[in-house]
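So this one's final-v3.pdb, PDB, C-alpha atoms, pLDDT in the B column:
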ATOM      1  CA  MET A   1     146.979 104.520 108.379  1.00 69.00           C
ATOM      2  CA  GLY A   2     147.700 102.233 105.482  1.00 82.00           C
ATOM      3  CA  LEU A   3     149.019  98.816 104.598  1.00 92.00           C
ATOM      4  CA  THR A   4     152.089  98.460 102.402  1.00 93.00           C
ATOM      5  CA  PRO A   5     151.902  94.971 100.902  1.00 95.00           C
ATOM      6  CA  GLY A   6     154.951  92.789 100.387  1.00 94.00           C
ATOM      7  CA  THR A   7     153.100  90.312  98.160  1.00 97.00           C
ATOM      8  CA  ALA A   8     150.788  90.744  95.170  1.00 97.00           C
ATOM      9  CA  ASP A   9     150.495  87.522  93.132  1.00 98.00           C
ATOM     10  CA  TYR A  10     147.509  85.554  94.414  1.00 98.00           C
ATOM     11  CA  ALA A  11     145.211  82.711  93.333  1.00 98.00           C
ATOM     12  CA  PRO A  12     142.345  81.085  95.265  1.00 97.00           C
ATOM     13  CA  GLY A  13     143.326  78.890  98.171  1.00 96.00           C
ATOM     14  CA  THR A  14     145.643  79.538 101.087  1.00 96.00           C
ATOM     15  CA  VAL A  15     147.449  82.808 100.409  1.00 96.00           C
ATOM     16  CA  ARG A  16     150.627  84.003 102.121  1.00 98.00           C
ATOM     17  CA  TYR A  17     150.146  87.744 102.659  1.00 98.00           C
ATOM     18  CA  SER A  18     152.920  89.982 103.974  1.00 97.00           C
ATOM     19  CA  PHE A  19     152.627  93.665 104.769  1.00 96.00           C
ATOM     20  CA  LEU A  20     153.673  96.676 106.803  1.00 95.00           C
ATOM     21  CA  VAL A  21     151.335  98.868 108.833  1.00 94.00           C
ATOM     22  CA  VAL A  22     152.567 102.386 108.113  1.00 90.00           C
ATOM     23  CA  LEU A  23     151.736 105.425 110.244  1.00 88.00           C
ATOM     24  CA  GLN A  24     151.044 108.906 108.883  1.00 82.00           C
ATOM     25  CA  ASN A  25     154.679 109.856 109.515  1.00 83.00           C
ATOM     26  CA  ALA A  26     155.689 106.992 107.156  1.00 82.00           C
ATOM     27  CA  ARG A  27     157.129 104.912 110.009  1.00 87.00           C
ATOM     28  CA  PRO A  28     156.080 101.244 110.248  1.00 91.00           C
ATOM     29  CA  VAL A  29     154.589  99.637 113.334  1.00 92.00           C
ATOM     30  CA  PHE A  30     156.579  96.753 114.841  1.00 93.00           C
ATOM     31  CA  THR A  31     154.479  94.976 117.465  1.00 96.00           C
ATOM     32  CA  PRO A  32     154.751  91.164 117.615  1.00 97.00           C
ATOM     33  CA  ARG A  33     151.218  90.440 116.404  1.00 97.00           C
ATOM     34  CA  ALA A  34     148.385  92.012 114.449  1.00 98.00           C
ATOM     35  CA  ARG A  35     144.731  91.015 114.277  1.00 98.00           C
ATOM     36  CA  ILE A  36     143.462  90.467 110.728  1.00 98.00           C
ATOM     37  CA  TRP A  37     139.972  90.704 109.237  1.00 98.00           C
ATOM     38  CA  LEU A  38     139.122  89.863 105.618  1.00 98.00           C
ATOM     39  CA  ALA A  39     135.971  91.087 103.848  1.00 97.00           C
ATOM     40  CA  ARG A  40     134.591  91.244 100.308  1.00 96.00           C
ATOM     41  CA  SER A  41     133.961  94.984 100.473  1.00 95.00           C
ATOM     42  CA  LEU A  42     135.112  97.992 102.484  1.00 92.00           C
ATOM     43  CA  ASP A  43     131.882  98.093 104.481  1.00 92.00           C
ATOM     44  CA  GLY A  44     131.164  94.359 104.322  1.00 95.00           C
ATOM     45  CA  LYS A  45     131.086  91.976 107.260  1.00 96.00           C
ATOM     46  CA  PRO A  46     134.395  90.103 107.664  1.00 97.00           C
ATOM     47  CA  PHE A  47     134.143  86.443 106.686  1.00 97.00           C
ATOM     48  CA  TYR A  48     137.629  85.472 107.896  1.00 97.00           C
ATOM     49  CA  ARG A  49     139.663  86.381 110.959  1.00 98.00           C
ATOM     50  CA  THR A  50     143.217  85.433 111.806  1.00 98.00           C
ATOM     51  CA  VAL A  51     146.479  86.779 113.235  1.00 98.00           C
ATOM     52  CA  ALA A  52     149.641  88.053 111.513  1.00 98.00           C
ATOM     53  CA  ARG A  53     152.997  87.659 113.192  1.00 98.00           C
ATOM     54  CA  LEU A  54     156.062  89.837 112.802  1.00 97.00           C
ATOM     55  CA  GLN A  55     158.855  88.029 110.947  1.00 96.00           C
ATOM     56  CA  PRO A  56     162.472  89.253 110.629  1.00 94.00           C
ATOM     57  CA  THR A  57     163.419  89.989 107.016  1.00 91.00           C
ATOM     58  CA  GLY A  58     167.169  89.490 107.449  1.00 88.00           C
ATOM     59  CA  VAL A  59     169.751  87.337 109.136  1.00 85.00           C
ATOM     60  CA  THR A  60     170.488  90.029 111.735  1.00 67.00           C
ATOM     61  CA  VAL A  61     168.075  92.620 113.098  1.00 49.00           C
ATOM     62  CA  GLU A  62     168.961  96.184 112.133  1.00 46.00           C
ATOM     63  CA  THR A  63     168.058  99.049 114.424  1.00 43.00           C
ATOM     64  CA  ASP A  64     168.386 102.068 112.110  1.00 45.00           C
ATOM     65  CA  GLU A  65     165.089 103.939 111.997  1.00 46.00           C
ATOM     66  CA  HIS A  66     165.104 103.878 108.179  1.00 48.00           C
ATOM     67  CA  ASP A  67     165.476 100.098 107.972  1.00 60.00           C
ATOM     68  CA  VAL A  68     162.569  97.679 107.795  1.00 80.00           C
ATOM     69  CA  PRO A  69     163.944  94.743 109.799  1.00 90.00           C
ATOM     70  CA  SER A  70     160.616  92.899 110.066  1.00 94.00           C
ATOM     71  CA  ILE A  71     157.347  92.430 108.224  1.00 95.00           C
ATOM     72  CA  TYR A  72     153.962  91.019 109.180  1.00 97.00           C
ATOM     73  CA  VAL A  73     153.068  87.644 107.659  1.00 98.00           C
ATOM     74  CA  THR A  74     149.760  85.833 107.711  1.00 98.00           C
ATOM     75  CA  HIS A  75     147.985  83.113 105.733  1.00 98.00           C
ATOM     76  CA  LEU A  76     144.501  83.809 104.397  1.00 98.00           C
ATOM     77  CA  ARG A  77     141.972  81.343 103.028  1.00 96.00           C
ATOM     78  CA  ILE A  78     140.458  82.989  99.964  1.00 96.00           C
ATOM     79  CA  PRO A  79     137.804  80.900  98.187  1.00 92.00           C
ATOM     80  CA  LYS A  80     137.558  82.505  94.763  1.00 97.00           C
ATOM     81  CA  PRO A  81     138.940  85.268  92.527  1.00 98.00           C
ATOM     82  CA  GLY A  82     137.999  88.857  93.254  1.00 98.00           C
ATOM     83  CA  LYS A  83     138.944  91.957  95.199  1.00 98.00           C
ATOM     84  CA  TYR A  84     139.110  91.641  98.972  1.00 98.00           C
ATOM     85  CA  TRP A  85     139.663  94.128 101.781  1.00 97.00           C
ATOM     86  CA  VAL A  86     142.094  93.526 104.636  1.00 97.00           C
ATOM     87  CA  LEU A  87     141.994  95.296 107.991  1.00 97.00           C
ATOM     88  CA  ALA A  88     145.076  94.923 110.212  1.00 97.00           C
ATOM     89  CA  GLU A  89     145.226  96.010 113.846  1.00 97.00           C
ATOM     90  CA  PRO A  90     148.628  95.684 115.580  1.00 96.00           C
ATOM     91  CA  VAL A  91     148.330  94.370 119.132  1.00 97.00           C
ATOM     92  CA  GLY A  92     150.069  96.568 121.695  1.00 93.00           C
ATOM     93  CA  GLY A  93     151.306 100.116 121.657  1.00 82.00           C
ATOM     94  CA  THR A  94     149.217 103.012 120.369  1.00 82.00           C
ATOM     95  CA  PRO A  95     145.934 101.695 118.911  1.00 89.00           C
ATOM     96  CA  VAL A  96     146.091 101.876 115.089  1.00 93.00           C
ATOM     97  CA  GLN A  97     144.491 100.121 112.153  1.00 94.00           C
ATOM     98  CA  GLY A  98     145.520  99.826 108.522  1.00 93.00           C
ATOM     99  CA  VAL A  99     143.386  98.970 105.502  1.00 95.00           C
ATOM    100  CA  GLY A 100     144.486  97.425 102.214  1.00 95.00           C
ATOM    101  CA  THR A 101     143.194  95.345  99.325  1.00 96.00           C
ATOM    102  CA  ILE A 102     144.054  91.966  97.827  1.00 97.00           C
ATOM    103  CA  VAL A 103     143.259  91.183  94.193  1.00 98.00           C
ATOM    104  CA  VAL A 104     142.969  87.429  93.649  1.00 98.00           C
ATOM    105  CA  LYS A 105     143.090  86.167  90.059  1.00 98.00           C
ATOM    106  CA  ASP A 106     142.132  82.804  88.569  1.00 98.00           C
ATOM    107  CA  GLU A 107     145.791  81.759  88.666  1.00 97.00           C
ATOM    108  CA  THR A 108     149.107  83.273  89.671  1.00 98.00           C
ATOM    109  CA  ALA A 109     151.366  84.987  87.146  1.00 97.00           C
ATOM    110  CA  SER A 110     154.387  83.195  88.615  1.00 98.00           C
ATOM    111  CA  PRO A 111     154.778  79.411  88.280  1.00 98.00           C
ATOM    112  CA  ALA A 112     152.302  77.668  90.557  1.00 97.00           C
ATOM    113  CA  VAL A 113     153.056  75.234  93.341  1.00 97.00           C
ATOM    114  CA  GLY A 114     152.830  71.804  91.742  1.00 98.00           C
ATOM    115  CA  ALA A 115     153.969  72.997  88.323  1.00 98.00           C
ATOM    116  CA  ARG A 116     157.138  71.759  86.677  1.00 98.00           C
ATOM    117  CA  ALA A 117     160.135  74.033  87.140  1.00 98.00           C
ATOM    118  CA  ILE A 118     161.394  75.721  83.974  1.00 98.00           C
ATOM    119  CA  ALA A 119     164.745  74.242  82.930  1.00 98.00           C
ATOM    120  CA  SER A 120     166.561  77.555  82.520  1.00 98.00           C
ATOM    121  CA  GLN A 121     170.263  77.444  81.661  1.00 98.00           C
ATOM    122  CA  THR A 122     171.146  79.977  84.336  1.00 98.00           C
ATOM    123  CA  PRO A 123     174.782  81.142  84.639  1.00 98.00           C
ATOM    124  CA  THR A 124     177.261  79.666  87.094  1.00 98.00           C
ATOM    125  CA  ILE A 125     180.786  80.398  88.241  1.00 98.00           C
ATOM    126  CA  ARG A 126     181.989  77.896  85.671  1.00 98.00           C
ATOM    127  CA  SER A 127     180.015  79.337  82.753  1.00 98.00           C
ATOM    128  CA  ALA A 128     181.092  82.887  83.710  1.00 98.00           C
ATOM    129  CA  ARG A 129     184.710  81.682  83.966  1.00 97.00           C
ATOM    130  CA  GLY A 130     184.985  82.924  87.514  1.00 98.00           C
ATOM    131  CA  ASP A 131     183.761  86.476  86.849  1.00 97.00           C
ATOM    132  CA  LEU A 132     181.441  86.941  89.830  1.00 97.00           C
ATOM    133  CA  THR A 133     180.442  90.461  88.743  1.00 96.00           C
ATOM    134  CA  LYS A 134     178.407  88.847  85.949  1.00 96.00           C
ATOM    135  CA  LEU A 135     176.562  86.623  88.401  1.00 98.00           C
ATOM    136  CA  THR A 136     175.675  88.645  91.485  1.00 97.00           C
ATOM    137  CA  THR A 137     175.284  92.181  92.814  1.00 96.00           C
ATOM    138  CA  ARG A 138     175.708  91.064  96.408  1.00 95.00           C
ATOM    139  CA  GLU A 139     178.699  92.268  98.435  1.00 94.00           C
ATOM    140  CA  PRO A 140     180.464  90.114  99.365  1.00 94.00           C
ATOM    141  CA  PRO A 141     179.509  87.728  96.537  1.00 97.00           C
ATOM    142  CA  ASP A 142     177.295  84.789  97.482  1.00 97.00           C
ATOM    143  CA  THR A 143     179.694  82.287  95.929  1.00 98.00           C
ATOM    144  CA  GLU A 144     178.008  79.126  97.227  1.00 98.00           C
ATOM    145  CA  LEU A 145     174.724  80.109  95.526  1.00 98.00           C
ATOM    146  CA  LEU A 146     176.379  80.420  92.114  1.00 98.00           C
ATOM    147  CA  ARG A 147     177.727  76.904  91.584  1.00 98.00           C
ATOM    148  CA  HIS A 148     174.704  75.212  89.980  1.00 98.00           C
ATOM    149  CA  SER A 149     172.243  76.052  87.221  1.00 98.00           C
ATOM    150  CA  ILE A 150     168.528  75.310  87.282  1.00 98.00           C
ATOM    151  CA  ALA A 151     168.763  73.034  84.237  1.00 98.00           C
ATOM    152  CA  ASP A 152     171.665  71.011  85.640  1.00 98.00           C
ATOM    153  CA  SER A 153     169.935  70.579  88.990  1.00 98.00           C
ATOM    154  CA  LEU A 154     166.761  69.323  87.307  1.00 98.00           C
ATOM    155  CA  GLU A 155     168.739  66.905  85.155  1.00 98.00           C
ATOM    156  CA  ALA A 156     170.576  65.617  88.222  1.00 98.00           C
ATOM    157  CA  LYS A 157     167.244  65.250  90.070  1.00 98.00           C
ATOM    158  CA  LYS A 158     168.555  67.311  92.975  1.00 98.00           C
ATOM    159  CA  PRO A 159     166.147  69.259  95.193  1.00 98.00           C
ATOM    160  CA  PHE A 160     166.968  72.950  95.233  1.00 99.00           C
ATOM    161  CA  VAL A 161     166.049  76.360  96.566  1.00 98.00           C
ATOM    162  CA  LEU A 162     166.021  79.003  93.838  1.00 98.00           C
ATOM    163  CA  VAL A 163     166.108  82.724  94.597  1.00 98.00           C
ATOM    164  CA  PHE A 164     165.496  85.382  91.949  1.00 97.00           C
ATOM    165  CA  ALA A 165     166.707  88.649  93.471  1.00 96.00           C
ATOM    166  CA  THR A 166     168.962  91.626  92.932  1.00 95.00           C
ATOM    167  CA  PRO A 167     170.561  92.659  96.252  1.00 93.00           C
ATOM    168  CA  LYS A 168     171.969  95.922  94.909  1.00 93.00           C
ATOM    169  CA  PHE A 169     168.903  97.203  93.102  1.00 92.00           C
ATOM    170  CA  CYS A 170     165.914  95.934  95.072  1.00 83.00           C
ATOM    171  CA  GLU A 171     163.675  99.007  95.312  1.00 64.00           C
ATOM    172  CA  SER A 172     160.611  98.038  97.359  1.00 72.00           C
ATOM    173  CA  ARG A 173     160.454  99.041 101.001  1.00 67.00           C
ATOM    174  CA  THR A 174     159.347  95.513 101.803  1.00 71.00           C
ATOM    175  CA  CYS A 175     162.232  93.917  99.877  1.00 78.00           C
ATOM    176  CA  GLY A 176     164.590  92.573 102.518  1.00 75.00           C
ATOM    177  CA  PRO A 177     168.033  90.981 102.101  1.00 91.00           C
ATOM    178  CA  VAL A 178     166.569  87.754 100.772  1.00 95.00           C
ATOM    179  CA  VAL A 179     169.821  86.453  99.260  1.00 95.00           C
ATOM    180  CA  SER A 180     171.462  86.680 102.676  1.00 94.00           C
ATOM    181  CA  VAL A 181     168.517  84.810 104.188  1.00 96.00           C
ATOM    182  CA  VAL A 182     168.785  82.073 101.559  1.00 97.00           C
ATOM    183  CA  ASP A 183     172.538  81.802 102.131  1.00 97.00           C
ATOM    184  CA  GLU A 184     171.999  81.473 105.886  1.00 97.00           C
ATOM    185  CA  VAL A 185     169.496  78.665 105.343  1.00 98.00           C
ATOM    186  CA  ARG A 186     171.984  77.010 102.961  1.00 98.00           C
ATOM    187  CA  ARG A 187     174.511  76.922 105.803  1.00 98.00           C
ATOM    188  CA  ARG A 188     172.002  75.200 108.059  1.00 97.00           C
ATOM    189  CA  PHE A 189     171.398  72.427 105.515  1.00 98.00           C
ATOM    190  CA  ALA A 190     175.009  71.860 104.481  1.00 96.00           C
ATOM    191  CA  GLY A 191     175.582  68.223 103.587  1.00 95.00           C
ATOM    192  CA  ARG A 192     171.841  67.433 103.339  1.00 97.00           C
ATOM    193  CA  GLY A 193     171.743  67.172  99.534  1.00 97.00           C
ATOM    194  CA  VAL A 194     169.775  70.363  98.824  1.00 98.00           C
ATOM    195  CA  ARG A 195     171.203  72.831  96.324  1.00 98.00           C
ATOM    196  CA  PHE A 196     170.796  76.609  96.651  1.00 98.00           C
ATOM    197  CA  ILE A 197     170.798  78.810  93.541  1.00 98.00           C
ATOM    198  CA  HIS A 198     170.786  82.591  93.091  1.00 98.00           C
ATOM    199  CA  VAL A 199     169.757  84.237  89.815  1.00 98.00           C
ATOM    200  CA  GLU A 200     169.915  87.990  89.281  1.00 98.00           C
ATOM    201  CA  ILE A 201     167.004  89.958  87.823  1.00 97.00           C
ATOM    202  CA  TYR A 202     168.352  92.404  85.241  1.00 97.00           C
ATOM    203  CA  GLU A 203     170.110  91.911  81.935  1.00 97.00           C
ATOM    204  CA  GLY A 204     173.777  92.632  82.510  1.00 96.00           C
ATOM    205  CA  ASN A 205     172.866  93.436  86.157  1.00 96.00           C
ATOM    206  CA  ASN A 206     171.684  96.812  84.871  1.00 96.00           C
ATOM    207  CA  PRO A 207     168.089  97.881  85.696  1.00 95.00           C
ATOM    208  CA  ALA A 208     168.052 100.138  82.620  1.00 96.00           C
ATOM    209  CA  GLN A 209     168.246  97.026  80.421  1.00 97.00           C
ATOM    210  CA  GLY A 210     165.157  95.419  81.953  1.00 97.00           C
ATOM    211  CA  PRO A 211     164.563  91.854  83.136  1.00 97.00           C
ATOM    212  CA  ASN A 212     166.946  89.165  81.928  1.00 98.00           C
ATOM    213  CA  ARG A 213     165.997  86.059  79.929  1.00 98.00           C
ATOM    214  CA  TRP A 214     165.612  83.828  82.984  1.00 98.00           C
ATOM    215  CA  VAL A 215     163.121  86.144  84.681  1.00 98.00           C
ATOM    216  CA  LYS A 216     161.151  86.185  81.418  1.00 98.00           C
ATOM    217  CA  GLU A 217     161.275  82.387  81.127  1.00 98.00           C
ATOM    218  CA  TRP A 218     159.810  82.086  84.616  1.00 98.00           C
ATOM    219  CA  LYS A 219     157.263  84.872  83.864  1.00 97.00           C
ATOM    220  CA  LEU A 220     157.952  86.627  87.139  1.00 98.00           C
ATOM    221  CA  PRO A 221     155.793  89.732  87.647  1.00 96.00           C
ATOM    222  CA  SER A 222     158.038  91.211  90.345  1.00 94.00           C
ATOM    223  CA  GLU A 223     161.024  90.417  92.551  1.00 93.00           C
ATOM    224  CA  PRO A 224     162.284  88.880  94.755  1.00 96.00           C
ATOM    225  CA  TRP A 225     160.990  85.318  94.456  1.00 97.00           C
ATOM    226  CA  VAL A 226     162.065  82.013  95.993  1.00 98.00           C
ATOM    227  CA  PHE A 227     160.990  78.593  94.707  1.00 98.00           C
ATOM    228  CA  LEU A 228     161.548  75.231  96.384  1.00 99.00           C
ATOM    229  CA  VAL A 229     161.849  72.474  93.770  1.00 99.00           C
ATOM    230  CA  GLY A 230     161.787  68.766  94.577  1.00 98.00           C
ATOM    231  CA  ARG A 231     163.662  65.839  93.084  1.00 98.00           C
ATOM    232  CA  ASP A 232     160.755  65.292  90.710  1.00 98.00           C
ATOM    233  CA  GLY A 233     161.283  68.736  89.219  1.00 98.00           C
ATOM    234  CA  ARG A 234     158.042  70.165  90.570  1.00 98.00           C
ATOM    235  CA  ILE A 235     157.644  73.324  92.622  1.00 98.00           C
ATOM    236  CA  LYS A 236     156.831  72.402  96.218  1.00 98.00           C
ATOM    237  CA  ALA A 237     156.591  75.886  97.762  1.00 98.00           C
ATOM    238  CA  LYS A 238     157.303  79.494  96.895  1.00 98.00           C
ATOM    239  CA  PHE A 239     157.789  82.862  98.573  1.00 98.00           C
ATOM    240  CA  GLU A 240     157.120  86.280  97.132  1.00 97.00           C
ATOM    241  CA  GLY A 241     158.921  89.268  98.656  1.00 95.00           C
ATOM    242  CA  SER A 242     160.667  89.114 102.015  1.00 94.00           C
ATOM    243  CA  PHE A 243     160.618  86.140 104.364  1.00 95.00           C
ATOM    244  CA  SER A 244     162.406  84.984 107.477  1.00 96.00           C
ATOM    245  CA  VAL A 245     165.094  82.369 108.017  1.00 96.00           C
ATOM    246  CA  GLY A 246     162.544  80.433 110.066  1.00 97.00           C
ATOM    247  CA  GLU A 247     159.932  80.444 107.301  1.00 97.00           C
ATOM    248  CA  LEU A 248     162.352  79.204 104.654  1.00 98.00           C
ATOM    249  CA  ARG A 249     163.996  76.653 106.947  1.00 98.00           C
ATOM    250  CA  ALA A 250     160.619  75.158 107.831  1.00 98.00           C
ATOM    251  CA  ALA A 251     159.619  74.992 104.160  1.00 98.00           C
ATOM    252  CA  VAL A 252     162.847  73.194 103.235  1.00 98.00           C
ATOM    253  CA  GLU A 253     162.353  70.655 106.007  1.00 98.00           C
ATOM    254  CA  ARG A 254     158.717  70.139 105.061  1.00 98.00           C
ATOM    255  CA  THR A 255     159.072  69.819 101.273  1.00 98.00           C
ATOM    256  CA  LEU A 256     162.635  68.953 100.214  1.00 98.00           C
ATOM    257  CA  LEU A 257     164.067  66.535 102.788  1.00 97.00           C
TER
END
Representation of the structure as structure tokens:
Amino acid sequence: MGLTPGTADYAPGTVRYSFLVVLQNARPVFTPRARIWLARSLDGKPFYRTVARLQPTGVTVETDEHDVPSIYVTHLRIPKPGKYWVLAEPVGGTPVQGVGTIVVKDETASPAVGARAIASQTPTIRSARGDLTKLTTREPPDTELLRHSIADSLEAKKPFVLVFATPKFCESRTCGPVVSVVDEVRRRFAGRGVRFIHVEIYEGNNPAQGPNRWVKEWKLPSEPWVFLVGRDGRIKAKFEGSFSVGELRAAVERTLL
């Protein structure tokens, strides 16, 4: 059995690690919890134990056998850079274990929590003159996430949730419908003064043209990403890969309100 990670950009400290436990027939395991052990080598004694919990990756739970409606999420305390080994054992069902690795660098490639947000002049409905095809690959278009730019929100000192994602072209098995999740959380905070912004990944919304200028400005090593930015313009929290409505809602309440 193996682990398919949903995150990859780590620095020392408390690390959010998401993953699938995949059987030999390529089907994931979906039990509510998994036991986690962390060690410095494959045959080393674990120095950290915790539990991962299954989190839904979308607004609604799909039942098609080819969908990945949930992913395991845990938080690991990793003291210093290096390569670490993770053993995951789902609780319940047929006994299985999956093994994977985590490579922790001195600092993350993506902007760190606490850093100032980059004042990118991202496109909006106004700047695109109403042409939503230039702004989003989501169907139907996520109109309410396209009204504000990063730069304007920073200048206005408005807290915001920023999602870099391409709904049409997301290729990873662990890449859930994150734009839909962000839009659902937006609905729950309507009238609370928090802006929600979606930025696509590819130049011209065409993967063949590579990452667009805003992805390069933010130095994102992958997608999707979500950043929570406070009134002071600093990043308060971030999510790599898929996440649940509950995770994002709790982060907004904790850091932006």
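We find atom CA of A:Lys134 and atom CA of A:Val226 to be spaced 20.4 Å apart.
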Would you kindly translate the PyMOL selection byres ((chain A and resi 235) around 10) into the concrete residues it picks from this file, as a ChimeraX atom specification?
/A:111-118,159-161,227-234,236-238,255
Got a sec: who's within 6 Å of A:Val104, counting only C-alpha atoms, leaving out chain neighbours fewer than 5 positions off, as a JSON list (two decimals) with C-alpha atoms, keeping the file's coordinate frame?
[["chain", "number", "residue", "atom", "x", "y", "z"],
["A", 10, "TYR", "CA", 147.51, 85.55, 94.41],
["A", 11, "ALA", "CA", 145.21, 82.71, 93.33],
["A", 81, "PRO", "CA", 138.94, 85.27, 92.53],
["A", 82, "GLY", "CA", 138.00, 88.86, 93.25]]
Any idea what's packed within 12 Å of A:Thr136, counting only C-alpha atoms, ignoring anything in its chain fewer than 2 positions away? Could you give it as a ChimeraX atom specification?
/A:123-125,128,130-134,138-147,163-169,179,197-206
Around all of stretch 153-171 of chain A's listed atoms, make the axis-aligned box with 5 Å on each side and tell me centre and edge lengths in Å to one decimal, as AutoDock Vina command-line options.
--center_x 167.8 --center_y 82.1 --center_z 90.9 --size_x 18.3 --size_y 43.8 --size_z 21.4
Report the residues retrieved by the PyMOL selection byres ((chain A and resi 77) around 10) from the displayed file, expressed as a list in words.
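For this structure, the PyMOL selection byres ((chain A and resi 77) around 10) resolves to Pro12, Gly13, Thr14, Val15, Arg16, Leu38, Tyr48, Arg49, Thr50, His75, Leu76, Ile78, Pro79 and Lys80 of chain A.
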On this file, the PyMOL selection byres ((chain A and resi 5) around 8) gives some set of residues; write that set as JSON, numbers by chain.
{"A": [3, 4, 6, 7, 8, 17, 18, 19, 20, 100, 174]}
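What separates atom CA of A:Val185 from atom CA of A:Arg53 is a distance of 20.4 Å.
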Best match for closeness to A:Ser41 among A:Ser70, A:Ser180, A:Thr101, A:Gln55, counting all atoms listed in the file:
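That would be A:Thr101, the residue with the smallest distance to A:Ser41.
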Separation of atom CA of A:Gly98 from atom CA of A:Val21, in Å and rounded to one decimal
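Atom-to-atom, atom CA of A:Gly98 to atom CA of A:Val21, that is 5.9 Å.
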Find the residue from A:Leu135, A:Phe243, A:Ser153, A:Arg249 that sits nearest to A:Thr74; use all atoms listed in the file when measuring.
A:Phe243
Which residue is closest to A:Ala151? Choose from A:Trp85, A:Phe189, A:Trp225, A:Trp214 and count all atoms listed in the file.
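Comparing A:Trp85, A:Phe189, A:Trp225, A:Trp214 against A:Ala151, the winner is A:Trp214.
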Nearest residue to A:Arg187 from the set A:Ser120, A:Val245, A:Val86, A:Pro221 (distances using all atoms listed in the file)
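Checking each candidate against A:Arg187, we get A:Val245 as the closest.
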Please return as an mmCIF file with C-alpha atoms, in the coordinates of the input every residue within 10 Å of (146.7, 96.9, 115.7), taking into account only C-alpha atoms and the file's own coordinates.
data_model
loop_
_atom_site.group_PDB
_atom_site.id
_atom_site.type_symbol
_atom_site.label_atom_id
_atom_site.label_comp_id
_atom_site.auth_asym_id
_atom_site.auth_seq_id
_atom_site.Cartn_x
_atom_site.Cartn_y
_atom_site.Cartn_z
ATOM 1 C CA VAL A 21 151.335 98.868 108.833
ATOM 2 C CA VAL A 29 154.589 99.637 113.334
ATOM 3 C CA PHE A 30 156.579 96.753 114.841
ATOM 4 C CA THR A 31 154.479 94.976 117.465
ATOM 5 C CA ARG A 33 151.218 90.440 116.404
ATOM 6 C CA ALA A 34 148.385 92.012 114.449
ATOM 7 C CA ARG A 35 144.731 91.015 114.277
ATOM 8 C CA ILE A 36 143.462 90.467 110.728
ATOM 9 C CA LEU A 87 141.994 95.296 107.991
ATOM 10 C CA ALA A 88 145.076 94.923 110.212
ATOM 11 C CA GLU A 89 145.226 96.010 113.846
ATOM 12 C CA PRO A 90 148.628 95.684 115.580
ATOM 13 C CA VAL A 91 148.330 94.370 119.132
ATOM 14 C CA GLY A 92 150.069 96.568 121.695
ATOM 15 C CA GLY A 93 151.306 100.116 121.657
ATOM 16 C CA THR A 94 149.217 103.012 120.369
ATOM 17 C CA PRO A 95 145.934 101.695 118.911
ATOM 18 C CA VAL A 96 146.091 101.876 115.089
ATOM 19 C CA GLN A 97 144.491 100.121 112.153
ATOM 20 C CA GLY A 98 145.520 99.826 108.522
#
Let me make sure I understand: among A:Val215, A:Arg192, A:Val68, A:Tyr84, which one has the smallest atom-to-atom distance to A:Glu253 if we use all atoms listed in the file?
A:Arg192
Point out the residue among A:Ala156, A:Val182, A:Ala208, A:Glu217 with the least atom-to-atom distance to A:Ala251, counting only C-alpha atoms.
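Of all the options, A:Val182 lies closest to A:Ala251.
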Rebuild stretch 145-155 of chain A to N, CA and C atoms - output it as a PDB file, in the frame of the given file, please.
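Below you can see result22.pdb, which holds the result:
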ATOM      1  N   LEU A 145     176.024  80.142  96.211  1.00 98.00           N
ATOM      2  CA  LEU A 145     174.724  80.109  95.526  1.00 98.00           C
ATOM      3  C   LEU A 145     174.879  80.187  94.012  1.00 98.00           C
ATOM      4  N   LEU A 146     176.104  80.197  93.537  1.00 98.00           N
ATOM      5  CA  LEU A 146     176.379  80.420  92.114  1.00 98.00           C
ATOM      6  C   LEU A 146     177.029  79.215  91.447  1.00 98.00           C
ATOM      7  N   ARG A 147     177.001  78.074  92.079  1.00 98.00           N
ATOM      8  CA  ARG A 147     177.727  76.904  91.584  1.00 98.00           C
ATOM      9  C   ARG A 147     176.885  76.007  90.669  1.00 98.00           C
ATOM     10  N   HIS A 148     175.562  76.118  90.742  1.00 98.00           N
ATOM     11  CA  HIS A 148     174.704  75.212  89.980  1.00 98.00           C
ATOM     12  C   HIS A 148     173.667  75.989  89.175  1.00 98.00           C
ATOM     13  N   SER A 149     173.315  75.469  88.017  1.00 98.00           N
ATOM     14  CA  SER A 149     172.243  76.052  87.221  1.00 98.00           C
ATOM     15  C   SER A 149     170.929  75.335  87.515  1.00 98.00           C
ATOM     16  N   ILE A 150     169.833  75.957  87.128  1.00 98.00           N
ATOM     17  CA  ILE A 150     168.528  75.310  87.282  1.00 98.00           C
ATOM     18  C   ILE A 150     168.471  74.048  86.429  1.00 98.00           C
ATOM     19  N   ALA A 151     168.857  74.172  85.159  1.00 98.00           N
ATOM     20  CA  ALA A 151     168.763  73.034  84.237  1.00 98.00           C
ATOM     21  C   ALA A 151     169.589  71.848  84.720  1.00 98.00           C
ATOM     22  N   ASP A 152     170.808  72.104  85.171  1.00 98.00           N
ATOM     23  CA  ASP A 152     171.665  71.011  85.640  1.00 98.00           C
ATOM     24  C   ASP A 152     171.089  70.346  86.887  1.00 98.00           C
ATOM     25  N   SER A 153     170.512  71.138  87.761  1.00 98.00           N
ATOM     26  CA  SER A 153     169.935  70.579  88.990  1.00 98.00           C
ATOM     27  C   SER A 153     168.717  69.715  88.684  1.00 98.00           C
ATOM     28  N   LEU A 154     167.912  70.130  87.710  1.00 98.00           N
ATOM     29  CA  LEU A 154     166.761  69.323  87.307  1.00 98.00           C
ATOM     30  C   LEU A 154     167.220  68.015  86.669  1.00 98.00           C
ATOM     31  N   GLU A 155     168.232  68.103  85.812  1.00 98.00           N
ATOM     32  CA  GLU A 155     168.739  66.905  85.155  1.00 98.00           C
ATOM     33  C   GLU A 155     169.323  65.919  86.167  1.00 98.00           C
TER      34      GLU A 155
END
